[in-house]
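*Asks:* Below is coords-v2.pdb; it holds PDB, C-alpha atoms.
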ATOM      1  CA  MET A   1       2.135  -1.413 -35.904  1.00  0.00           C
ATOM      2  CA  ALA A   2      -0.446  -1.311 -38.703  1.00  0.00           C
ATOM      3  CA  LEU A   3      -2.799   1.628 -39.269  1.00  0.00           C
ATOM      4  CA  PRO A   4      -5.974   0.242 -37.594  1.00  0.00           C
ATOM      5  CA  GLU A   5      -4.091  -0.591 -34.405  1.00  0.00           C
ATOM      6  CA  ALA A   6      -2.319   2.783 -34.444  1.00  0.00           C
ATOM      7  CA  LEU A   7      -5.618   4.635 -34.830  1.00  0.00           C
ATOM      8  CA  ALA A   8      -7.196   2.664 -31.987  1.00  0.00           C
ATOM      9  CA  LEU A   9      -4.199   3.340 -29.747  1.00  0.00           C
ATOM     10  CA  ALA A  10      -4.206   7.046 -30.660  1.00  0.00           C
ATOM     11  CA  LEU A  11      -7.902   7.301 -29.793  1.00  0.00           C
ATOM     12  CA  ALA A  12      -7.302   5.553 -26.459  1.00  0.00           C
ATOM     13  CA  VAL A  13      -4.369   7.851 -25.682  1.00  0.00           C
ATOM     14  CA  THR A  14      -6.429  10.949 -26.542  1.00  0.00           C
ATOM     15  CA  VAL A  15      -9.401   9.887 -24.413  1.00  0.00           C
ATOM     16  CA  ALA A  16      -7.126   8.881 -21.541  1.00  0.00           C
ATOM     17  CA  SER A  17      -5.399  12.278 -21.639  1.00  0.00           C
ATOM     18  CA  HIS A  18      -8.675  13.649 -20.254  1.00  0.00           C
ATOM     19  CA  ALA A  19      -9.826  10.612 -18.280  1.00  0.00           C
ATOM     20  CA  VAL A  20      -6.615  10.019 -16.321  1.00  0.00           C
ATOM     21  CA  PRO A  21      -6.376  13.562 -14.889  1.00  0.00           C
ATOM     22  CA  ASP A  22     -10.149  13.585 -14.279  1.00  0.00           C
ATOM     23  CA  ALA A  23      -9.801  10.390 -12.241  1.00  0.00           C
ATOM     24  CA  LEU A  24      -6.561  11.106 -10.376  1.00  0.00           C
ATOM     25  CA  ALA A  25      -6.682  14.852  -9.696  1.00  0.00           C
ATOM     26  CA  PRO A  26      -9.667  14.625  -7.266  1.00  0.00           C
ATOM     27  CA  LYS A  27      -7.937  11.842  -5.333  1.00  0.00           C
ATOM     28  CA  ILE A  28      -4.712  13.816  -5.095  1.00  0.00           C
ATOM     29  CA  ALA A  29      -6.654  16.904  -4.019  1.00  0.00           C
ATOM     30  CA  ALA A  30      -8.434  14.903  -1.312  1.00  0.00           C
ATOM     31  CA  ALA A  31      -5.215  13.331  -0.060  1.00  0.00           C
ATOM     32  CA  TRP A  32      -3.160  16.548  -0.172  1.00  0.00           C
ATOM     33  CA  PRO A  33      -5.498  19.538   0.141  1.00  0.00           C
ATOM     34  CA  GLY A  34      -2.471  21.777   0.498  1.00  0.00           C
ATOM     35  CA  ALA A  35      -1.625  21.039  -3.135  1.00  0.00           C
ATOM     36  CA  VAL A  36      -4.924  22.549  -4.238  1.00  0.00           C
ATOM     37  CA  SER A  37      -4.397  25.573  -2.010  1.00  0.00           C
ATOM     38  CA  ALA A  38      -0.931  26.146  -3.425  1.00  0.00           C
ATOM     39  CA  LEU A  39      -1.536  25.329  -7.079  1.00  0.00           C
ATOM     40  CA  GLY A  40      -5.249  25.574  -7.710  1.00  0.00           C
ATOM     41  CA  TYR A  41      -7.254  22.572  -8.859  1.00  0.00           C
ATOM     42  CA  GLY A  42      -6.948  23.352 -12.567  1.00  0.00           C
ATOM     43  CA  ASN A  43      -3.162  23.545 -12.401  1.00  0.00           C
ATOM     44  CA  LEU A  44      -3.058  20.322 -10.388  1.00  0.00           C
ATOM     45  CA  HIS A  45      -5.185  18.680 -13.087  1.00  0.00           C
ATOM     46  CA  ASP A  46      -2.751  19.895 -15.754  1.00  0.00           C
ATOM     47  CA  LEU A  47       0.223  18.562 -13.803  1.00  0.00           C
ATOM     48  CA  VAL A  48      -1.373  15.115 -13.746  1.00  0.00           C
ATOM     49  CA  MET A  49      -1.867  15.344 -17.515  1.00  0.00           C
ATOM     50  CA  LEU A  50       1.762  16.404 -17.875  1.00  0.00           C
ATOM     51  CA  ALA A  51       2.883  13.369 -15.878  1.00  0.00           C
ATOM     52  CA  TYR A  52       0.751  11.174 -18.146  1.00  0.00           C
ATOM     53  CA  GLY A  53       2.270  12.751 -21.252  1.00  0.00           C
ATOM     54  CA  LEU A  54       5.817  12.360 -19.943  1.00  0.00           C
ATOM     55  CA  LEU A  55       5.233   8.695 -19.152  1.00  0.00           C
ATOM     56  CA  LEU A  56       4.174   8.168 -22.757  1.00  0.00           C
ATOM     57  CA  ALA A  57       7.023  10.187 -24.258  1.00  0.00           C
ATOM     58  CA  LEU A  58       9.718   8.739 -22.003  1.00  0.00           C
ATOM     59  CA  SER A  59       8.708   5.222 -22.994  1.00  0.00           C
ATOM     60  CA  ALA A  60      10.274   6.012 -26.394  1.00  0.00           C
ATOM     61  CA  PRO A  61      12.212   9.262 -25.923  1.00  0.00           C
ATOM     62  CA  ARG A  62      13.900   9.514 -29.314  1.00  0.00           C
ATOM     63  CA  ALA A  63      10.782   8.557 -31.260  1.00  0.00           C
ATOM     64  CA  SER A  64       8.850  11.082 -29.129  1.00  0.00           C
ATOM     65  CA  GLY A  65      11.126  13.940 -30.091  1.00  0.00           C
ATOM     66  CA  LEU A  66      12.985  14.302 -26.787  1.00  0.00           C
ATOM     67  CA  VAL A  67      16.204  15.008 -28.628  1.00  0.00           C
ATOM     68  CA  ARG A  68      18.444  18.019 -29.032  1.00  0.00           C
ATOM     69  CA  ALA A  69      16.936  20.789 -31.157  1.00  0.00           C
ATOM     70  CA  ARG A  70      19.071  21.807 -34.126  1.00  0.00           C
ATOM     71  CA  PRO A  71      19.048  25.568 -34.824  1.00  0.00           C
ATOM     72  CA  ASP A  72      17.802  26.382 -38.315  1.00  0.00           C
ATOM     73  CA  VAL A  73      16.474  29.658 -39.767  1.00  0.00           C
ATOM     74  CA  ARG A  74      13.499  28.049 -41.509  1.00  0.00           C
ATOM     75  CA  VAL A  75      12.558  26.176 -38.330  1.00  0.00           C
ATOM     76  CA  VAL A  76      12.639  29.367 -36.269  1.00  0.00           C
ATOM     77  CA  PHE A  77      10.466  31.090 -38.892  1.00  0.00           C
ATOM     78  CA  VAL A  78       7.882  28.286 -38.868  1.00  0.00           C
ATOM     79  CA  ALA A  79       7.729  28.295 -35.067  1.00  0.00           C
ATOM     80  CA  ALA A  80       7.528  32.100 -34.810  1.00  0.00           C
ATOM     81  CA  LEU A  81       4.887  32.778 -37.480  1.00  0.00           C
ATOM     82  CA  PRO A  82       1.839  31.387 -35.586  1.00  0.00           C
ATOM     83  CA  VAL A  83       2.906  33.337 -32.500  1.00  0.00           C
ATOM     84  CA  VAL A  84       2.941  36.557 -34.521  1.00  0.00           C
ATOM     85  CA  ILE A  85      -0.438  35.708 -36.087  1.00  0.00           C
ATOM     86  CA  THR A  86      -1.909  35.000 -32.650  1.00  0.00           C
ATOM     87  CA  ALA A  87      -0.654  38.340 -31.366  1.00  0.00           C
ATOM     88  CA  LEU A  88      -2.312  40.113 -34.307  1.00  0.00           C
ATOM     89  CA  VAL A  89      -5.593  38.177 -34.499  1.00  0.00           C
ATOM     90  CA  TYR A  90      -6.523  37.055 -30.988  1.00  0.00           C
ATOM     91  CA  PRO A  91      -7.070  40.545 -29.489  1.00  0.00           C
ATOM     92  CA  ARG A  92      -9.575  41.242 -32.292  1.00  0.00           C
ATOM     93  CA  LEU A  93     -11.720  38.143 -31.744  1.00  0.00           C
ATOM     94  CA  PRO A  94     -15.237  38.819 -30.408  1.00  0.00           C
ATOM     95  CA  VAL A  95     -14.866  35.907 -27.948  1.00  0.00           C
ATOM     96  CA  ARG A  96     -11.631  35.453 -25.970  1.00  0.00           C
ATOM     97  CA  PRO A  97     -12.370  32.727 -23.401  1.00  0.00           C
ATOM     98  CA  PHE A  98      -8.749  32.174 -22.385  1.00  0.00           C
ATOM     99  CA  ALA A  99      -8.016  35.731 -21.286  1.00  0.00           C
ATOM    100  CA  GLY A 100      -6.962  35.840 -17.641  1.00  0.00           C
ATOM    101  CA  GLN A 101      -7.327  32.086 -17.115  1.00  0.00           C
ATOM    102  CA  ARG A 102      -5.102  30.174 -14.698  1.00  0.00           C
ATOM    103  CA  VAL A 103      -1.379  30.226 -15.409  1.00  0.00           C
ATOM    104  CA  GLY A 104      -1.274  26.495 -16.120  1.00  0.00           C
ATOM    105  CA  MET A 105      -3.154  27.124 -19.365  1.00  0.00           C
ATOM    106  CA  TRP A 106       0.025  28.445 -20.941  1.00  0.00           C
ATOM    107  CA  LEU A 107       2.755  27.223 -18.598  1.00  0.00           C
ATOM    108  CA  ILE A 108       1.782  23.582 -17.953  1.00  0.00           C
ATOM    109  CA  SER A 109      -0.889  22.425 -20.396  1.00  0.00           C
ATOM    110  CA  PRO A 110       1.157  23.054 -23.580  1.00  0.00           C
ATOM    111  CA  PHE A 111       3.972  20.888 -22.202  1.00  0.00           C
ATOM    112  CA  ALA A 112       1.502  18.077 -21.565  1.00  0.00           C
ATOM    113  CA  GLN A 113      -0.175  18.394 -24.966  1.00  0.00           C
ATOM    114  CA  SER A 114       3.159  18.546 -26.772  1.00  0.00           C
ATOM    115  CA  ALA A 115       4.430  15.441 -24.992  1.00  0.00           C
ATOM    116  CA  ILE A 116       1.261  13.531 -25.901  1.00  0.00           C
ATOM    117  CA  PHE A 117       0.641  14.707 -29.473  1.00  0.00           C
ATOM    118  CA  VAL A 118       3.729  16.296 -31.032  1.00  0.00           C
ATOM    119  CA  GLY A 119       5.841  13.814 -29.126  1.00  0.00           C
ATOM    120  CA  TYR A 120       4.260  10.416 -28.584  1.00  0.00           C
ATOM    121  CA  LEU A 121       1.474  10.302 -31.195  1.00  0.00           C
ATOM    122  CA  TYR A 122       3.558  11.762 -34.013  1.00  0.00           C
ATOM    123  CA  GLY A 123       6.252   9.209 -33.216  1.00  0.00           C
ATOM    124  CA  LEU A 124       3.625   6.465 -33.218  1.00  0.00           C
ATOM    125  CA  PHE A 125       2.216   7.451 -36.612  1.00  0.00           C
ATOM    126  CA  ALA A 126       5.698   7.924 -38.077  1.00  0.00           C
ATOM    127  CA  ARG A 127       6.322   4.227 -37.334  1.00  0.00           C
ATOM    128  CA  THR A 128       2.921   3.061 -38.575  1.00  0.00           C
ATOM    129  CA  ARG A 129       2.626   0.590 -41.457  1.00  0.00           C
ATOM    130  CA  GLU A 130      -0.098   0.801 -44.077  1.00  0.00           C
ATOM    131  CA  SER A 131      -1.350  -2.698 -43.239  1.00  0.00           C
ATOM    132  CA  ALA A 132      -0.459  -5.719 -41.155  1.00  0.00           C
ATOM    133  CA  GLY A 133       1.275  -7.367 -44.132  1.00  0.00           C
ATOM    134  CA  ASP A 134       3.277  -4.310 -45.105  1.00  0.00           C
ATOM    135  CA  GLU A 135       6.956  -4.684 -44.272  1.00  0.00           C
ATOM    136  CA  ARG A 136       7.647  -0.937 -44.357  1.00  0.00           C
ATOM    137  CA  THR A 137       8.096   0.471 -40.875  1.00  0.00           C
ATOM    138  CA  THR A 138       7.450   4.157 -41.566  1.00  0.00           C
ATOM    139  CA  TRP A 139       4.913   6.368 -43.287  1.00  0.00           C
ATOM    140  CA  ARG A 140       5.500   9.479 -45.250  1.00  0.00           C
ATOM    141  CA  PRO A 141       6.027  12.191 -42.591  1.00  0.00           C
ATOM    142  CA  THR A 142       3.138  14.318 -43.901  1.00  0.00           C
ATOM    143  CA  ARG A 143       0.642  11.521 -43.253  1.00  0.00           C
ATOM    144  CA  ALA A 144       1.841  11.181 -39.690  1.00  0.00           C
ATOM    145  CA  LEU A 145       1.500  14.938 -39.239  1.00  0.00           C
ATOM    146  CA  VAL A 146      -2.055  15.036 -40.605  1.00  0.00           C
ATOM    147  CA  LEU A 147      -3.219  12.250 -38.308  1.00  0.00           C
ATOM    148  CA  THR A 148      -1.547  13.884 -35.336  1.00  0.00           C
ATOM    149  CA  GLY A 149      -3.359  17.110 -36.199  1.00  0.00           C
ATOM    150  CA  VAL A 150      -6.715  15.328 -36.360  1.00  0.00           C
ATOM    151  CA  PHE A 151      -6.322  13.827 -32.901  1.00  0.00           C
ATOM    152  CA  PHE A 152      -4.978  17.081 -31.455  1.00  0.00           C
ATOM    153  CA  ALA A 153      -8.036  18.933 -32.770  1.00  0.00           C
ATOM    154  CA  LEU A 154     -10.359  16.240 -31.375  1.00  0.00           C
ATOM    155  CA  TRP A 155      -8.666  16.578 -27.979  1.00  0.00           C
ATOM    156  CA  HIS A 156     -10.417  19.963 -27.677  1.00  0.00           C
ATOM    157  CA  ALA A 157     -13.919  18.477 -28.082  1.00  0.00           C
ATOM    158  CA  PRO A 158     -14.712  18.594 -24.315  1.00  0.00           C
ATOM    159  CA  ASN A 159     -14.558  22.398 -24.576  1.00  0.00           C
ATOM    160  CA  LEU A 160     -18.028  22.174 -26.128  1.00  0.00           C
ATOM    161  CA  ALA A 161     -19.361  21.744 -22.581  1.00  0.00           C
ATOM    162  CA  SER A 162     -18.091  25.126 -21.407  1.00  0.00           C
ATOM    163  CA  MET A 163     -17.405  27.346 -24.435  1.00  0.00           C
ATOM    164  CA  PRO A 164     -19.505  28.733 -27.294  1.00  0.00           C
ATOM    165  CA  VAL A 165     -19.961  26.200 -30.092  1.00  0.00           C
ATOM    166  CA  GLY A 166     -18.769  28.664 -32.710  1.00  0.00           C
ATOM    167  CA  TYR A 167     -15.544  29.282 -30.870  1.00  0.00           C
ATOM    168  CA  VAL A 168     -14.866  25.554 -30.389  1.00  0.00           C
ATOM    169  CA  ALA A 169     -15.476  24.962 -34.112  1.00  0.00           C
ATOM    170  CA  PHE A 170     -12.951  27.702 -34.812  1.00  0.00           C
ATOM    171  CA  GLN A 171     -10.651  26.050 -32.277  1.00  0.00           C
ATOM    172  CA  PHE A 172     -10.849  22.732 -34.131  1.00  0.00           C
ATOM    173  CA  VAL A 173      -9.737  24.479 -37.304  1.00  0.00           C
ATOM    174  CA  TYR A 174      -6.884  26.510 -35.864  1.00  0.00           C
ATOM    175  CA  THR A 175      -5.498  23.716 -33.667  1.00  0.00           C
ATOM    176  CA  PHE A 176      -5.429  21.361 -36.656  1.00  0.00           C
ATOM    177  CA  ALA A 177      -3.786  24.007 -38.839  1.00  0.00           C
ATOM    178  CA  ALA A 178      -1.328  24.952 -36.103  1.00  0.00           C
ATOM    179  CA  MET A 179      -0.328  21.315 -35.645  1.00  0.00           C
ATOM    180  CA  LEU A 180       0.296  20.922 -39.376  1.00  0.00           C
ATOM    181  CA  TRP A 181       2.356  24.097 -39.491  1.00  0.00           C
ATOM    182  CA  THR A 182       4.410  23.870 -36.301  1.00  0.00           C
ATOM    183  CA  GLY A 183       4.643  20.104 -36.725  1.00  0.00           C
ATOM    184  CA  LEU A 184       6.915  20.762 -39.695  1.00  0.00           C
ATOM    185  CA  THR A 185       9.595  21.585 -37.149  1.00  0.00           C
ATOM    186  CA  ARG A 186       9.135  18.118 -35.628  1.00  0.00           C
ATOM    187  CA  GLN A 187       9.310  16.572 -39.081  1.00  0.00           C
ATOM    188  CA  TRP A 188      12.452  18.465 -40.058  1.00  0.00           C
ATOM    189  CA  THR A 189      14.426  18.233 -36.820  1.00  0.00           C
ATOM    190  CA  GLY A 190      12.974  15.207 -35.045  1.00  0.00           C
ATOM    191  CA  ALA A 191      12.633  17.383 -31.935  1.00  0.00           C
ATOM    192  CA  VAL A 192       9.502  18.494 -30.115  1.00  0.00           C
ATOM    193  CA  TRP A 193      10.927  21.731 -28.695  1.00  0.00           C
ATOM    194  CA  TYR A 194      10.167  24.248 -31.450  1.00  0.00           C
ATOM    195  CA  ALA A 195       6.503  23.286 -31.655  1.00  0.00           C
ATOM    196  CA  LEU A 196       6.342  23.377 -27.857  1.00  0.00           C
ATOM    197  CA  ALA A 197       7.807  26.891 -27.746  1.00  0.00           C
ATOM    198  CA  ALA A 198       5.253  28.112 -30.304  1.00  0.00           C
ATOM    199  CA  HIS A 199       2.410  26.548 -28.295  1.00  0.00           C
ATOM    200  CA  VAL A 200       3.545  28.087 -25.009  1.00  0.00           C
ATOM    201  CA  CYS A 201       3.981  31.542 -26.531  1.00  0.00           C
ATOM    202  CA  GLY A 202       0.659  31.425 -28.386  1.00  0.00           C
ATOM    203  CA  ASN A 203      -1.227  30.374 -25.271  1.00  0.00           C
ATOM    204  CA  ALA A 204       0.551  33.022 -23.209  1.00  0.00           C
ATOM    205  CA  ILE A 205      -0.679  35.708 -25.622  1.00  0.00           C
ATOM    206  CA  ALA A 206      -4.248  34.392 -25.352  1.00  0.00           C
ATOM    207  CA  TRP A 207      -3.938  34.304 -21.569  1.00  0.00           C
ATOM    208  CA  ALA A 208      -2.595  37.858 -21.333  1.00  0.00           C
ATOM    209  CA  THR A 209      -5.099  39.415 -23.757  1.00  0.00           C
ATOM    210  CA  SER A 210      -7.965  41.096 -21.938  1.00  0.00           C
TER     211      SER A 210
END
Go through the file and emit its structure as structure tokens.
*Replies:*
Amino acid sequence: MALPEALALALAVTVASHAVPDALAPKIAAAWPGAVSALGYGNLHDLVMLAYGLLLALSAPRASGLVRARPDVRVVFVAALPVVITALVYPRLPVRPFAGQRVGMWLISPFAQSAIFVGYLYGLFARTRESAGDERTTWRPTRALVLTGVFFALWHAPNLASMPVGYVAFQFVYTFAAMLWTGLTRQWTGAVWYALAAHVCGNAIAWATS
């Protein structure tokens, strides 16, 4: 797939990652009200997004990083550093909108986002050609990582409707930077799991910080 088609597909995937849960979660809640009572609507919404992400990733499991993680000291360091930084910085922020939010924010949503972005979209960009006439089937890994980071940051744009603009701008920056950093583990190992673990732990710290 050439770059223009890959960018268009990535944009469609990113938009659909919000649109699909927004469309299906209300119907599921109406059909099975007990699911909302047991899970909460937000967690149900995240589970739909997780199903969407898994459908994408499972369509090309190896390319999406659903492979065995290989232990490596440098990989563990890269995955652990943003968690440590979050633990040091987040409690000192003047605005902490994720504190005490629903459990799905750190237990479900990171799995969905990792499947969609670190998994499927990174795999898509890693197989992207420069142009339609280019016979090369892969990009340099760093380019794939940068584009994945851009779309992951843009995924947070709907937060502008419910969070302070300054915080969302900060969120754009740190989600892009976090994707570049933790995405190195995807680049080095081919596996999504280290970046996923960092995301879960970072969100759990934000959730638990009052």
*Asks:* Evaluate the PyMOL selection byres ((chain A and resi 147) around 12) on the structure here and hand back the selected residues as a ChimeraX atom specification.
*Replies:* /A:3,6-7,10-11,117-118,121-126,128,139-146,148-154,176-177,179-180,183
*Asks:* Give me, please, the distance in Å between atom CA of A:Ala25 and atom CA of A:Val103, quoted to one decimal.
*Replies:*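 Interatomic distance, atom CA of A:Ala25 to atom CA of A:Val103: 17.2 Å.
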*Asks:* For A:Arg68, work out the shell of residues within 12 Å, counting all atoms listed in the file and skipping chain neighbours fewer than 2 positions away, then give it as a ChimeraX atom specification.
*Replies:* /A:61-62,64-66,70-71,186,189-194
*Asks:* If the PyMOL selection byres ((chain A and resi 87-96) around 12) were run on this exact file, what residues would it hold? Put them as number ranges by chain.
*Replies:* A: 80-86, 97-101, 163-168, 170-171, 174, 198, 201-210
*Asks:* Please indicate the distance in Å from atom CA of A:Ser109 to atom CA of A:Gly34, rounded to one decimal place.
*Replies:* 21.0 Å
*Asks:* For A:Tyr52, which of A:Ala38, A:Ala69, A:Ile28, A:Ala19 is the closest residue, counting only C-alpha atoms?
*Replies:*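 Between A:Ala38, A:Ala69, A:Ile28, A:Ala19, the residue approaching A:Tyr52 most closely is A:Ala19.
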*Asks:* Name the residues, using the chain letters and numbers of the file, that sit within 9 Å of (-0.1, 8.1, -19.6) when counting only C-alpha atoms, and give them as a count of residues only.
*Replies:* 14
*Asks:* Please measure the separation of atom CA of A:Glu5 and atom CA of A:Tyr120, giving the value in Å to one decimal.
*Replies:* 15.0 Å
*Asks:* Which is closest to A:Leu24 among A:Val48, A:Ala12, A:Val200, A:Met1, if we use only C-alpha atoms?
*Replies:*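 Looking at the shortest contact to A:Leu24, the residue is A:Val48.
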*Asks:* Given 5 Å on each side, where is the centre and what are the edge lengths in Å to one decimal of the axis-aligned box enclosing the listed atoms of stretch 87-99 of chain A, as JSON?
*Replies:*
{"center_x": -7.9, "center_y": 36.7, "center_z": -27.9, "size_x": 24.6, "size_y": 19.1, "size_z": 23.2}
*Asks:* I want to know what sits within 10 Å of A:Gly104, based on only C-alpha atoms, with residues of the same chain fewer than 3 positions away left out; could you give that as a PyMOL selection string?
*Replies:* chain A and resi 39-40+42-47+101+107-111+203-204+207
*Asks:* Generate the output file for the selected residues, C-alpha atoms, as an mmCIF file, in the coordinates of the input.
*Replies:*
data_model
loop_
_atom_site.group_PDB
_atom_site.id
_atom_site.type_symbol
_atom_site.label_atom_id
_atom_site.label_comp_id
_atom_site.auth_asym_id
_atom_site.auth_seq_id
_atom_site.Cartn_x
_atom_site.Cartn_y
_atom_site.Cartn_z
ATOM 1 C CA LEU A 39 -1.536 25.329 -7.079
ATOM 2 C CA GLY A 40 -5.249 25.574 -7.710
ATOM 3 C CA GLY A 42 -6.948 23.352 -12.567
ATOM 4 C CA ASN A 43 -3.162 23.545 -12.401
ATOM 5 C CA LEU A 44 -3.058 20.322 -10.388
ATOM 6 C CA HIS A 45 -5.185 18.680 -13.087
ATOM 7 C CA ASP A 46 -2.751 19.895 -15.754
ATOM 8 C CA LEU A 47 0.223 18.562 -13.803
ATOM 9 C CA GLN A 101 -7.327 32.086 -17.115
ATOM 10 C CA LEU A 107 2.755 27.223 -18.598
ATOM 11 C CA ILE A 108 1.782 23.582 -17.953
ATOM 12 C CA SER A 109 -0.889 22.425 -20.396
ATOM 13 C CA PRO A 110 1.157 23.054 -23.580
ATOM 14 C CA PHE A 111 3.972 20.888 -22.202
ATOM 15 C CA ASN A 203 -1.227 30.374 -25.271
ATOM 16 C CA ALA A 204 0.551 33.022 -23.209
ATOM 17 C CA TRP A 207 -3.938 34.304 -21.569
#
*Asks:* Which of these residues is nearest to A:Leu196, using all atoms listed in the file: A:Phe172, A:Trp155, A:Trp106, A:Trp32?
*Replies:*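 Nearest to A:Leu196: A:Trp106.
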